[in-house]
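Source file: model.csv. Holds: CSV, C-alpha atoms.
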```csv
chain,number,residue,atom,x,y,z
A,87,MET,CA,-100.0,4.7,28.8
A,88,SER,CA,-102.2,3.4,31.6
A,89,ILE,CA,-104.1,0.2,32.4
A,90,ASN,CA,-107.7,1.1,33.2
A,91,THR,CA,-109.6,-1.8,34.7
A,92,ASP,CA,-112.9,0.0,35.5
A,93,LYS,CA,-114.8,-2.6,33.4
A,94,ILE,CA,-112.7,-5.7,34.0
A,95,LEU,CA,-114.5,-8.0,36.4
A,96,SER,CA,-114.6,-11.7,36.5
A,97,ASN,CA,-116.3,-14.0,39.0
A,98,LYS,CA,-114.3,-17.2,39.7
A,99,ASN,CA,-114.8,-19.5,42.7
A,100,ASN,CA,-116.7,-16.7,44.5
A,101,LEU,CA,-113.8,-14.3,44.0
A,102,GLN,CA,-114.3,-11.0,42.2
A,103,ILE,CA,-111.0,-10.5,40.4
A,104,LEU,CA,-110.7,-6.9,39.3
A,105,TYR,CA,-107.2,-7.1,37.8
A,106,GLU,CA,-104.5,-9.7,37.4
A,107,ASP,CA,-101.2,-10.1,35.7
A,108,ASN,CA,-98.0,-12.0,36.4
A,109,HIS,CA,-97.1,-9.7,39.4
A,110,LEU,CA,-100.4,-8.6,40.8
A,111,ILE,CA,-104.0,-9.6,41.6
A,112,ILE,CA,-106.7,-7.3,42.9
A,113,ILE,CA,-109.8,-8.7,44.6
A,114,ASN,CA,-113.1,-7.0,45.4
A,115,LYS,CA,-113.3,-8.0,49.0
A,116,ARG,CA,-116.7,-9.1,50.5
A,117,ALA,CA,-117.9,-8.1,53.9
A,118,GLY,CA,-116.8,-10.6,56.5
A,119,ASP,CA,-113.6,-11.6,54.8
A,120,ILE,CA,-110.4,-11.0,56.7
A,121,VAL,CA,-107.4,-10.1,54.5
A,122,GLN,CA,-104.7,-11.7,56.6
A,123,GLY,CA,-104.9,-14.4,59.4
A,124,ASP,CA,-105.8,-13.3,62.9
A,125,LYS,CA,-106.6,-14.7,66.3
A,126,THR,CA,-110.1,-15.9,65.1
A,127,GLY,CA,-108.4,-18.7,63.1
A,128,ASP,CA,-110.8,-18.0,60.2
A,129,LYS,CA,-109.3,-18.7,56.7
A,130,PRO,CA,-108.1,-15.3,55.4
A,131,LEU,CA,-108.7,-14.0,51.9
A,132,SER,CA,-104.9,-14.3,51.2
A,133,GLU,CA,-105.2,-18.0,51.6
A,134,VAL,CA,-108.4,-18.3,49.6
A,135,VAL,CA,-106.6,-16.5,46.7
A,136,LYS,CA,-103.6,-18.7,47.0
A,137,SER,CA,-105.7,-21.8,46.9
A,138,PHE,CA,-107.6,-20.5,43.9
A,139,ILE,CA,-104.3,-19.7,42.0
A,140,LYS,CA,-102.8,-23.1,42.9
A,141,GLU,CA,-105.9,-24.9,41.6
A,142,ARG,CA,-106.5,-22.8,38.5
A,143,ASP,CA,-102.9,-22.8,37.4
A,144,LYS,CA,-102.3,-26.4,38.5
A,145,LYS,CA,-99.2,-25.4,40.5
A,146,PRO,CA,-97.4,-28.4,42.1
A,147,GLY,CA,-95.6,-26.3,44.8
A,148,ASN,CA,-96.4,-23.5,47.1
A,149,VAL,CA,-98.0,-20.3,45.7
A,150,TYR,CA,-96.4,-17.0,46.6
A,151,LEU,CA,-98.8,-14.2,47.6
A,152,GLY,CA,-97.8,-11.1,49.5
A,153,VAL,CA,-100.3,-8.9,51.5
A,154,VAL,CA,-99.7,-5.3,50.5
A,155,HIS,CA,-102.5,-3.6,52.6
A,156,ARG,CA,-105.6,-4.6,54.5
A,157,LEU,CA,-109.2,-3.6,54.9
A,158,ASP,CA,-111.3,-4.0,58.1
A,159,ARG,CA,-113.3,-7.2,58.2
A,160,PRO,CA,-116.8,-5.5,57.8
A,161,THR,CA,-115.7,-3.3,54.9
A,162,THR,CA,-115.7,-4.1,51.2
A,163,GLY,CA,-113.7,-3.2,48.1
A,164,ALA,CA,-110.4,-3.3,46.3
A,165,VAL,CA,-107.6,-5.3,47.9
A,166,LEU,CA,-104.2,-5.6,46.2
A,167,PHE,CA,-101.9,-8.7,46.6
A,168,SER,CA,-98.5,-9.3,45.2
A,169,LYS,CA,-97.9,-12.5,43.2
A,170,THR,CA,-94.1,-12.2,43.1
A,171,SER,CA,-91.4,-11.4,45.6
A,172,LYS,CA,-90.0,-8.9,43.1
A,173,ALA,CA,-93.2,-6.8,43.2
A,174,LEU,CA,-94.0,-6.9,46.9
A,175,PRO,CA,-91.3,-4.5,48.3
A,176,ARG,CA,-92.0,-2.1,45.5
A,177,LEU,CA,-95.7,-2.1,46.2
A,178,ASN,CA,-95.0,-1.8,50.0
A,179,LYS,CA,-92.9,1.3,49.2
A,180,LEU,CA,-95.8,2.8,47.2
A,181,PHE,CA,-98.2,2.5,50.1
A,182,VAL,CA,-95.7,3.6,52.7
A,183,GLU,CA,-94.9,6.7,50.7
A,184,LYS,CA,-98.6,7.3,50.0
A,185,SER,CA,-98.0,7.1,46.2
A,186,ALA,CA,-101.0,4.8,45.7
A,187,LYS,CA,-104.3,6.7,45.5
A,188,LYS,CA,-107.1,5.1,47.5
A,189,THR,CA,-110.6,6.4,47.4
A,190,TYR,CA,-113.4,5.2,49.7
A,191,TRP,CA,-117.2,5.5,49.6
A,192,ALA,CA,-118.9,5.8,53.0
A,193,VAL,CA,-122.7,6.0,53.7
A,194,VAL,CA,-123.5,7.9,56.9
A,195,LYS,CA,-126.8,8.7,58.7
A,196,GLN,CA,-125.9,12.3,59.7
A,197,MET,CA,-124.9,15.0,57.2
A,198,PRO,CA,-121.4,16.2,58.1
A,199,PRO,CA,-121.1,19.8,59.2
A,200,LYS,CA,-119.7,20.8,55.8
A,201,THR,CA,-120.2,19.4,52.3
A,202,SER,CA,-116.4,19.0,52.0
A,203,ASP,CA,-113.6,19.3,54.5
A,204,THR,CA,-110.3,18.1,55.7
A,205,LEU,CA,-110.3,16.3,59.1
A,206,THR,CA,-107.3,16.3,61.3
A,207,HIS,CA,-107.2,14.2,64.5
A,208,TRP,CA,-104.9,12.3,66.7
A,209,LEU,CA,-105.9,8.6,66.9
A,210,LYS,CA,-105.1,6.4,69.8
A,211,LYS,CA,-105.8,2.6,69.5
A,212,ASN,CA,-107.1,0.5,72.3
A,213,PRO,CA,-106.0,-3.1,71.7
A,214,LYS,CA,-108.5,-4.4,74.2
A,215,ASN,CA,-111.6,-3.4,72.3
A,216,ASN,CA,-109.8,-3.0,68.9
A,217,LYS,CA,-111.1,0.6,68.6
A,218,SER,CA,-109.4,3.9,67.9
A,219,THR,CA,-110.4,7.2,69.7
A,220,ALA,CA,-110.1,10.5,67.8
A,221,TYR,CA,-108.7,13.5,69.7
A,222,THR,CA,-108.6,17.0,68.5
A,223,LYS,CA,-105.2,17.5,70.2
A,224,GLU,CA,-102.2,15.2,70.5
A,225,VAL,CA,-102.3,12.8,73.5
A,226,ALA,CA,-99.8,10.2,74.7
A,227,GLY,CA,-99.6,7.3,72.3
A,228,SER,CA,-101.6,8.9,69.6
A,229,LYS,CA,-100.8,9.2,65.9
A,230,LYS,CA,-101.8,12.1,63.6
A,231,ALA,CA,-104.6,11.3,61.1
A,232,ILE,CA,-105.7,13.3,58.1
A,233,LEU,CA,-108.5,12.6,55.7
A,234,HIS,CA,-110.4,14.6,53.1
A,235,TYR,CA,-114.1,14.0,52.4
A,236,LYS,CA,-116.9,15.4,50.2
A,237,VAL,CA,-120.6,14.7,50.0
A,238,LEU,CA,-121.4,13.0,46.7
A,239,LYS,CA,-125.1,12.4,47.1
A,240,GLN,CA,-128.1,12.7,49.5
A,241,LEU,CA,-130.1,9.5,49.7
A,242,ASP,CA,-133.6,9.1,51.2
A,243,ASN,CA,-132.2,8.6,54.7
A,244,TYR,CA,-128.5,8.7,54.3
A,245,PHE,CA,-125.6,10.6,52.7
A,246,LEU,CA,-122.9,9.2,50.4
A,247,LEU,CA,-119.4,10.5,51.1
A,248,GLU,CA,-116.2,10.2,49.1
A,249,VAL,CA,-113.2,9.9,51.3
A,250,THR,CA,-109.5,10.0,50.5
A,251,LEU,CA,-106.8,9.3,53.1
A,252,GLN,CA,-103.6,11.4,53.6
A,253,THR,CA,-102.5,9.0,56.4
A,254,GLY,CA,-103.3,5.4,57.0
A,255,ARG,CA,-104.3,4.7,60.6
A,256,HIS,CA,-106.2,2.0,62.5
A,257,HIS,CA,-110.0,2.5,61.8
A,258,GLN,CA,-109.2,6.0,60.6
A,259,ILE,CA,-112.2,6.7,58.4
A,260,ARG,CA,-114.6,5.0,60.9
A,261,SER,CA,-113.3,6.9,64.0
A,262,GLN,CA,-112.8,10.3,62.3
A,263,LEU,CA,-116.3,10.4,60.7
A,264,ALA,CA,-117.8,9.3,64.0
A,265,SER,CA,-116.0,12.1,65.8
A,266,ILE,CA,-117.9,14.7,63.7
A,267,GLY,CA,-121.2,12.9,64.3
A,268,SER,CA,-121.3,11.1,60.9
A,269,THR,CA,-121.0,7.4,62.0
A,270,ILE,CA,-120.9,5.0,59.1
A,271,LYS,CA,-124.1,3.0,58.5
A,272,GLY,CA,-124.0,-0.3,60.4
A,273,ASP,CA,-120.9,0.5,62.4
A,274,LEU,CA,-122.0,-0.3,65.9
A,275,LYS,CA,-118.5,0.0,67.3
A,276,TYR,CA,-118.4,3.7,66.4
A,277,GLY,CA,-122.0,4.6,67.4
A,278,ALA,CA,-124.4,3.4,64.8
A,279,ASP,CA,-128.0,2.8,66.0
A,280,ARG,CA,-128.2,-0.6,64.5
A,281,SER,CA,-126.1,-3.2,62.7
A,282,ASN,CA,-126.5,-4.3,59.1
A,283,PRO,CA,-128.0,-7.8,58.6
A,284,ASP,CA,-124.8,-9.2,57.2
A,285,ALA,CA,-122.6,-7.6,59.9
A,286,SER,CA,-121.1,-5.3,57.3
A,287,ILE,CA,-120.6,-1.6,57.5
A,288,HIS,CA,-121.2,0.8,54.6
A,289,LEU,CA,-117.6,1.5,53.9
A,290,HIS,CA,-116.2,0.5,50.5
A,291,ALA,CA,-112.7,0.8,49.0
A,292,ARG,CA,-114.1,2.2,45.7
A,293,GLU,CA,-111.0,3.1,43.8
A,294,LEU,CA,-107.3,2.2,43.6
A,295,GLU,CA,-104.7,3.8,41.4
A,296,PHE,CA,-100.9,3.2,41.4
A,297,ALA,CA,-97.9,2.8,39.2
A,298,HIS,CA,-97.3,-0.8,38.3
A,299,PRO,CA,-94.2,-2.0,40.2
A,300,VAL,CA,-92.6,-3.5,37.1
A,301,SER,CA,-94.0,-1.8,34.0
A,302,GLN,CA,-94.6,1.6,35.7
A,303,GLU,CA,-97.9,1.9,33.8
A,304,ILE,CA,-100.7,3.4,35.8
A,305,VAL,CA,-103.1,0.7,37.1
A,306,HIS,CA,-106.6,2.1,37.8
A,307,VAL,CA,-109.3,-0.1,39.4
A,308,LEU,CA,-112.9,0.8,40.2
A,309,ALA,CA,-114.5,-1.8,42.6
A,310,PRO,CA,-118.2,-2.4,42.0
A,311,LEU,CA,-120.4,-1.8,44.9
A,312,PRO,CA,-121.9,-4.7,46.9
A,313,THR,CA,-125.0,-6.2,45.4
A,314,HIS,CA,-128.4,-7.0,46.9
A,315,ASP,CA,-128.2,-4.0,49.1
A,316,SER,CA,-130.8,-1.2,48.6
A,317,VAL,CA,-128.6,1.5,50.0
A,318,TRP,CA,-125.6,0.7,47.9
A,319,GLU,CA,-127.9,0.3,44.9
A,320,ALA,CA,-129.1,3.9,45.5
A,321,CYS,CA,-125.5,5.0,45.4
A,322,ALA,CA,-124.6,3.1,42.3
A,323,ASP,CA,-125.9,5.7,39.8
A,324,ASN,CA,-123.7,8.4,41.2
```
Please re-express this file's structure in structure tokens.
Amino acid sequence: MSINTDKILSNKNNLQILYEDNHLIIINKRAGDIVQGDKTGDKPLSEVVKSFIKERDKKPGNVYLGVVHRLDRPTTGAVLFSKTSKALPRLNKLFVEKSAKKTYWAVVKQMPPKTSDTLTHWLKKNPKNNKSTAYTKEVAGSKKAILHYKVLKQLDNYFLLEVTLQTGRHHQIRSQLASIGSTIKGDLKYGADRSNPDASIHLHARELEFAHPVSQEIVHVLAPLPTHDSVWEACADN
């Protein structure tokens, strides 16, 4: 038995809740939201969700919410949080062991060399500019990065790719696609010609599938694409 949440979507307090039960809550993150607090001091999505739950459920004390994984600030899509201390370590284990299936959609300007391929690089992060460089061979301080992609659709001026990760590295999709000449739309940091008006990049965590940490049922979530964006709208009928 599985829990399929492709069509479950509610809008509450500007949060798009894709799935929720006693142990989990999955949010469709908007561009510009940070998942966890950082040096900017901006209120992170984790705190927004905690405030929402506290107000909605009229909780008198502190609300527990564990961050399971993160998405880059300019990206959008499904983000999973744990609502219980029982579920968090189990979810962390799923992600560490790569048992959770994450699928991304990326819009790129340049057609990749192949319609589908596996990319293997060694990524090295530079903390000063918060950027990762992809190398074809191992270098000091680098980590191996593997992803799989396929072209889903040709748009008027862009190409829609589906990407699945075999490893989880800093800016992995962004840096690896840029290294083959297929920079993500709006991603100035990795070589895009121009930014998007809302400072987003066209990278979306489209799909998330994993075994529920308590019931063991399969949870499958499909995150709707950002609205009011002509390029994403052109992708939507794929």
Go through A:Val134, A:Val237, A:Ala226, A:Ala164 and flag the residue nearest Met197 (chain A), using all atoms listed in the file for the distances.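 Checking each candidate against Met197 (chain A), we get A:Val237 as the closest.
For the residues A:Leu177, A:Ile111, A:Ile139, A:Val154, ranking by smallest atom-to-atom distance to Val300 (chain A) using only C-alpha atoms places A:Leu177 first.
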Give the answer as one residue: which of A:Tyr276, A:Phe138, A:Tyr244, A:Phe181 has the shortest atom-to-atom distance to Lys217 (chain A), using only C-alpha atoms? A:Tyr276
Top pick for closest residue to Ser301 (chain A), considering A:Leu209, A:Lys140, A:Arg176, A:Ser132 and counting all atoms listed in the file: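 Comparing A:Leu209, A:Lys140, A:Arg176, A:Ser132 against Ser301 (chain A), the winner is A:Arg176.
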Counting only C-alpha atoms, what is within 7 Å of Ile270 (chain A), bar same-chain residues fewer than 6 positions away, as JSON, numbers by chain? {"A": [192, 193, 194, 195, 260, 278, 287, 288]}
Find, counting all atoms listed in the file, the residue in A:Lys236, A:Ala320, A:Pro146, A:Thr206 that gets nearest to Lys223 (chain A).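 Going through A:Lys236, A:Ala320, A:Pro146, A:Thr206 one by one, the smallest distance to Lys223 (chain A) is for A:Thr206.
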Could you give me, as JSON lines, a per-residue list for region 164-255 of chain A showing, wherever an atom lies at most 10 Å from an atom of region 115-126 of chain A, the closest pair of atoms and their distance in Å to one decimal, using only C-alpha atoms and sorting by chain then residue number from low to high?
```
{"residue": "A:Ala164", "atom": "CA", "partner": "A:Lys115", "partner_atom": "CA", "distance": 6.1}
{"residue": "A:Val165", "atom": "CA", "partner": "A:Lys115", "partner_atom": "CA", "distance": 6.4}
{"residue": "A:Leu166", "atom": "CA", "partner": "A:Lys115", "partner_atom": "CA", "distance": 9.8}
{"residue": "A:Phe167", "atom": "CA", "partner": "A:Val121", "partner_atom": "CA", "distance": 9.7}
```
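Between CA of Gly227 (chain A) and CA of Lys214 (chain A) the interatomic distance comes to 14.8 Å.
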Could you work out how far CA of Thr222 (chain A) lies from CA of His257 (chain A), giving the answer in Å with one decimal? 16.0 Å
What separation in Å, quoted to one decimal, exists between CA of Gly152 (chain A) and CA of Thr253 (chain A)?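 About the pair CA of Gly152 (chain A) and CA of Thr253 (chain A): they are 21.8 Å apart.
Using only C-alpha atoms, the shortest contact distance between Gln240 (chain A) and any of A:Pro213, A:Gly147, A:Pro198, A:Pro312 is found at A:Pro198.
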Near His207 (chain A), counting all atoms listed in the file, which residues have an atom at most 7 Å away, once you skip same-chain residues fewer than 5 positions from it, shown as a VMD selection string? chain A and resid 220 to 223 230 to 232
So that I can see what lies close to Asp279 (chain A), please list as a PDB file with C-alpha atoms, in the frame of the given file the residues with an atom at most 10 Å from it, counting only C-alpha atoms and leaving out residues fewer than 6 positions away in the same chain.
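Output file result16.pdb follows:
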```
ATOM      1  CA  LYS A 195    -126.800   8.700  58.700  1.00  0.00           C
ATOM      2  CA  THR A 269    -121.000   7.400  62.000  1.00  0.00           C
ATOM      3  CA  LYS A 271    -124.100   3.000  58.500  1.00  0.00           C
ATOM      4  CA  GLY A 272    -124.000  -0.300  60.400  1.00  0.00           C
ATOM      5  CA  ASP A 273    -120.900   0.500  62.400  1.00  0.00           C
TER       6      ASP A 273
END
```
Can you tell me, as a VMD selection string, what residues are no more than 10 Å from Tyr235 (chain A) when counting all atoms listed in the file, ignoring any on the same chain fewer than 6 positions away? chain A and resid 189 to 192 198 200 to 205 247 to 251 259 263
